[in-house]
Amino acid sequence: MPAGPASYDARWGYRQLDARRYERRRYGGLVRRLNFRLLQRALGRALATVPANGLVLDAPCGTGVLADFLRARGLRVVGADISPAMLAVAQERDGTLGHVRADLERTPFRAHAFDAIVCNRFLMHLPSATRVAVFRELASLARGPVVVTVCHPYTVKSFLRALRRLVGGRAKRSPRLTRRELEAETAAAGIRLSGLRAVLPLLSEIWVAVLEPAPPP
């Protein structure tokens, strides 16, 4: 792994892994499958303004779990990911226009190439300055909304973990973004947060956020 600020885990940690095992752990089981269906419902509302046959970039696409959902909405899908292991699984799913190996800080796509961008379960893993750069890059690619998901701290699970640490116990610390942080970072990227929806208030850690160009001063 190279040294320096480019060496954060989100860039390097998923390049080589068992992608099928990752998908089973992330989206398998009754509760996780239910949460995924709720996520799809929230994403559908966020993408409601995208025209039929619109071109959508799914980035990072991971193993392509959103491809069928996006195509069922009448959208054309291009997947992009930095991980060869993820792309190898995603390419086995039919119907996507193509897959591109890409770093989301420096994508190979031309400006305003897509009617919408979907960025799922990625941004909260980045350092703040890098997240701003990725927000800016994704916004430059879109003619329409940039729809992102992030993990937030306003859940029962996060509260119980914090309580456990408060009384001296051990509890997992996972990356989370507050609304204030999200608003500040999108503003720094020159875009605005136009919509924010919890997949399931207090129970799901996922927010679906809709980002649009900031109005002129």
# chains A, B, ... in the order shown; residues from 1 in each chain; ligands from 1
call {"tool": "residues_around", "arguments": {"residues": "segment 174-178 of chain A", "least_positions_apart": "5", "cutoff": "12 Å", "atoms": "only C-alpha atoms", "output": "VMD selection string"}}
result
chain A and resid 9 to 10 121 to 128 131 149 to 155 157 to 158 161 to 162 183 to 185 196 205 to 207 209
call {"tool": "write_last_selection", "arguments": {"atoms": "N, CA and C atoms", "output": "PDB file, in the first residue's frame"}}
result
ATOM      1  N   ASP A   9      -8.303   3.599   3.621  1.00  0.00           N
ATOM      2  CA  ASP A   9      -8.819   2.243   3.455  1.00  0.00           C
ATOM      3  C   ASP A   9      -9.845   2.128   2.333  1.00  0.00           C
ATOM      4  N   ALA A  10     -10.668   3.153   2.145  1.00  0.00           N
ATOM      5  CA  ALA A  10     -11.720   3.049   1.137  1.00  0.00           C
ATOM      6  C   ALA A  10     -11.157   2.933  -0.269  1.00  0.00           C
ATOM      7  N   ARG A 121     -23.222   3.586  -0.020  1.00  0.00           N
ATOM      8  CA  ARG A 121     -22.440   3.023   1.088  1.00  0.00           C
ATOM      9  C   ARG A 121     -20.935   3.169   0.896  1.00  0.00           C
ATOM     10  N   PHE A 122     -20.512   4.363   0.570  1.00  0.00           N
ATOM     11  CA  PHE A 122     -19.100   4.592   0.294  1.00  0.00           C
ATOM     12  C   PHE A 122     -18.553   5.835   0.983  1.00  0.00           C
ATOM     13  N   LEU A 123     -19.267   6.938   0.891  1.00  0.00           N
ATOM     14  CA  LEU A 123     -18.692   8.243   1.221  1.00  0.00           C
ATOM     15  C   LEU A 123     -18.288   8.380   2.676  1.00  0.00           C
ATOM     16  N   MET A 124     -18.999   7.750   3.593  1.00  0.00           N
ATOM     17  CA  MET A 124     -18.657   7.909   5.012  1.00  0.00           C
ATOM     18  C   MET A 124     -17.323   7.259   5.355  1.00  0.00           C
ATOM     19  N   HIS A 125     -16.772   6.434   4.457  1.00  0.00           N
ATOM     20  CA  HIS A 125     -15.484   5.791   4.706  1.00  0.00           C
ATOM     21  C   HIS A 125     -14.293   6.667   4.307  1.00  0.00           C
ATOM     22  N   LEU A 126     -14.551   7.819   3.719  1.00  0.00           N
ATOM     23  CA  LEU A 126     -13.477   8.675   3.217  1.00  0.00           C
ATOM     24  C   LEU A 126     -13.062   9.712   4.247  1.00  0.00           C
ATOM     25  N   PRO A 127     -11.815  10.168   4.211  1.00  0.00           N
ATOM     26  CA  PRO A 127     -11.451  11.372   4.973  1.00  0.00           C
ATOM     27  C   PRO A 127     -12.264  12.554   4.475  1.00  0.00           C
ATOM     28  N   SER A 128     -12.508  13.515   5.353  1.00  0.00           N
ATOM     29  CA  SER A 128     -13.403  14.621   5.013  1.00  0.00           C
ATOM     30  C   SER A 128     -12.981  15.366   3.748  1.00  0.00           C
ATOM     31  N   ARG A 131     -13.709  13.347   0.758  1.00  0.00           N
ATOM     32  CA  ARG A 131     -15.151  13.291   0.514  1.00  0.00           C
ATOM     33  C   ARG A 131     -15.616  14.525  -0.249  1.00  0.00           C
ATOM     34  N   THR A 149     -25.828   7.578  -0.483  1.00  0.00           N
ATOM     35  CA  THR A 149     -26.215   7.070   0.827  1.00  0.00           C
ATOM     36  C   THR A 149     -25.027   7.191   1.758  1.00  0.00           C
ATOM     37  N   VAL A 150     -25.313   7.532   3.001  1.00  0.00           N
ATOM     38  CA  VAL A 150     -24.292   7.607   4.040  1.00  0.00           C
ATOM     39  C   VAL A 150     -24.871   7.021   5.320  1.00  0.00           C
ATOM     40  N   CYS A 151     -23.994   6.598   6.201  1.00  0.00           N
ATOM     41  CA  CYS A 151     -24.418   6.128   7.515  1.00  0.00           C
ATOM     42  C   CYS A 151     -24.419   7.304   8.494  1.00  0.00           C
ATOM     43  N   HIS A 152     -25.464   7.396   9.284  1.00  0.00           N
ATOM     44  CA  HIS A 152     -25.609   8.492  10.246  1.00  0.00           C
ATOM     45  C   HIS A 152     -25.680   7.932  11.670  1.00  0.00           C
ATOM     46  N   PRO A 153     -25.500   8.785  12.684  1.00  0.00           N
ATOM     47  CA  PRO A 153     -25.439   8.287  14.068  1.00  0.00           C
ATOM     48  C   PRO A 153     -26.775   8.270  14.804  1.00  0.00           C
ATOM     49  N   TYR A 154     -27.871   8.656  14.141  1.00  0.00           N
ATOM     50  CA  TYR A 154     -29.134   8.869  14.852  1.00  0.00           C
ATOM     51  C   TYR A 154     -29.994   7.606  14.843  1.00  0.00           C
ATOM     52  N   THR A 155     -29.465   6.538  15.427  1.00  0.00           N
ATOM     53  CA  THR A 155     -30.196   5.276  15.502  1.00  0.00           C
ATOM     54  C   THR A 155     -30.138   4.725  16.918  1.00  0.00           C
ATOM     55  N   LYS A 157     -29.207   1.749  17.626  1.00  0.00           N
ATOM     56  CA  LYS A 157     -27.953   0.999  17.748  1.00  0.00           C
ATOM     57  C   LYS A 157     -26.794   1.912  18.118  1.00  0.00           C
ATOM     58  N   SER A 158     -26.694   3.082  17.461  1.00  0.00           N
ATOM     59  CA  SER A 158     -25.616   4.010  17.790  1.00  0.00           C
ATOM     60  C   SER A 158     -25.741   4.513  19.225  1.00  0.00           C
ATOM     61  N   ARG A 161     -24.562   1.749  21.557  1.00  0.00           N
ATOM     62  CA  ARG A 161     -23.100   1.634  21.531  1.00  0.00           C
ATOM     63  C   ARG A 161     -22.451   2.748  22.345  1.00  0.00           C
ATOM     64  N   ALA A 162     -22.958   3.972  22.192  1.00  0.00           N
ATOM     65  CA  ALA A 162     -22.412   5.095  22.939  1.00  0.00           C
ATOM     66  C   ALA A 162     -22.621   4.902  24.438  1.00  0.00           C
ATOM     67  N   GLU A 183     -23.925  18.785   5.322  1.00  0.00           N
ATOM     68  CA  GLU A 183     -24.244  20.086   4.734  1.00  0.00           C
ATOM     69  C   GLU A 183     -22.984  20.918   4.516  1.00  0.00           C
ATOM     70  N   ALA A 184     -22.063  20.895   5.490  1.00  0.00           N
ATOM     71  CA  ALA A 184     -20.836  21.680   5.360  1.00  0.00           C
ATOM     72  C   ALA A 184     -19.965  21.166   4.217  1.00  0.00           C
ATOM     73  N   GLU A 185     -19.872  19.854   4.080  1.00  0.00           N
ATOM     74  CA  GLU A 185     -18.998  19.296   3.054  1.00  0.00           C
ATOM     75  C   GLU A 185     -19.585  19.455   1.661  1.00  0.00           C
ATOM     76  N   LEU A 196     -33.077  14.787   2.138  1.00  0.00           N
ATOM     77  CA  LEU A 196     -32.441  13.819   3.038  1.00  0.00           C
ATOM     78  C   LEU A 196     -33.533  12.952   3.647  1.00  0.00           C
ATOM     79  N   GLU A 205     -29.431   2.737   9.778  1.00  0.00           N
ATOM     80  CA  GLU A 205     -28.363   3.726   9.860  1.00  0.00           C
ATOM     81  C   GLU A 205     -28.170   4.475   8.543  1.00  0.00           C
ATOM     82  N   ILE A 206     -28.976   4.182   7.527  1.00  0.00           N
ATOM     83  CA  ILE A 206     -28.752   4.730   6.198  1.00  0.00           C
ATOM     84  C   ILE A 206     -29.624   5.947   5.940  1.00  0.00           C
ATOM     85  N   TRP A 207     -28.986   7.017   5.482  1.00  0.00           N
ATOM     86  CA  TRP A 207     -29.660   8.167   4.893  1.00  0.00           C
ATOM     87  C   TRP A 207     -29.514   8.095   3.379  1.00  0.00           C
ATOM     88  N   ALA A 209     -29.447  10.796   0.467  1.00  0.00           N
ATOM     89  CA  ALA A 209     -29.332  12.244   0.286  1.00  0.00           C
ATOM     90  C   ALA A 209     -29.350  12.571  -1.202  1.00  0.00           C
TER      91      ALA A 209
END
call {"tool": "select_by_dssp", "arguments": {"residues": "segment 108-195 of chain A", "states": "helix (DSSP H, G or I)", "output": "PyMOL selection string"}}
result
chain A and resi 123-125+128-141+156-166+179-188
call {"tool": "atom_distance", "arguments": {"atom1": "atom CA of Val77 of chain A", "atom2": "atom CA of Arg136 of chain A"}}
result
21.0 Å
call {"tool": "residues_around", "arguments": {"residues": "Leu193 of chain A", "least_positions_apart": "3", "cutoff": "9 Å", "atoms": "only C-alpha atoms", "output": "tab-separated table (two decimals) with N, CA and C atoms, in the first residue's frame"}}
result
chain	number	residue	atom	x	y	z
A	182	LEU	N	-22.54	16.79	6.74
A	182	LEU	CA	-22.93	16.57	5.35
A	182	LEU	C	-23.23	17.90	4.65
A	183	GLU	N	-23.92	18.78	5.32
A	183	GLU	CA	-24.24	20.09	4.73
A	183	GLU	C	-22.98	20.92	4.52
A	186	THR	N	-20.89	19.31	1.51
A	186	THR	CA	-21.48	19.54	0.20
A	186	THR	C	-21.37	21.01	-0.19
A	187	ALA	N	-21.53	21.91	0.76
A	187	ALA	CA	-21.35	23.33	0.47
A	187	ALA	C	-19.92	23.62	0.03
A	196	LEU	N	-33.08	14.79	2.14
A	196	LEU	CA	-32.44	13.82	3.04
A	196	LEU	C	-33.53	12.95	3.65
A	209	ALA	N	-29.45	10.80	0.47
A	209	ALA	CA	-29.33	12.24	0.29
A	209	ALA	C	-29.35	12.57	-1.20
A	210	VAL	N	-30.05	13.65	-1.55
A	210	VAL	CA	-30.10	14.13	-2.93
A	210	VAL	C	-29.32	15.44	-2.99
A	211	LEU	N	-28.35	15.49	-3.89
A	211	LEU	CA	-27.48	16.64	-4.03
A	211	LEU	C	-27.70	17.28	-5.40
A	212	GLU	N	-27.69	18.59	-5.42
A	212	GLU	CA	-27.91	19.35	-6.65
A	212	GLU	C	-26.94	20.53	-6.69
A	213	PRO	N	-26.73	21.12	-7.87
A	213	PRO	CA	-25.88	22.31	-7.93
A	213	PRO	C	-26.37	23.41	-7.01
A	214	ALA	N	-25.45	24.10	-6.37
A	214	ALA	CA	-25.83	25.21	-5.50
A	214	ALA	C	-26.34	26.37	-6.35
call {"tool": "residues_around", "arguments": {"residues": "Val156 of chain A", "least_positions_apart": "6", "cutoff": "9 Å", "atoms": "only C-alpha atoms", "output": "list in words"}}
result
Leu202, Leu203 and Ser204 of chain A
call {"tool": "closest_residue", "arguments": {"among": "A:Pro145, A:Arg173, A:Pro60, A:Ala90", "to": "Gly195 of chain A", "atoms": "only C-alpha atoms"}}
result
A:Pro145
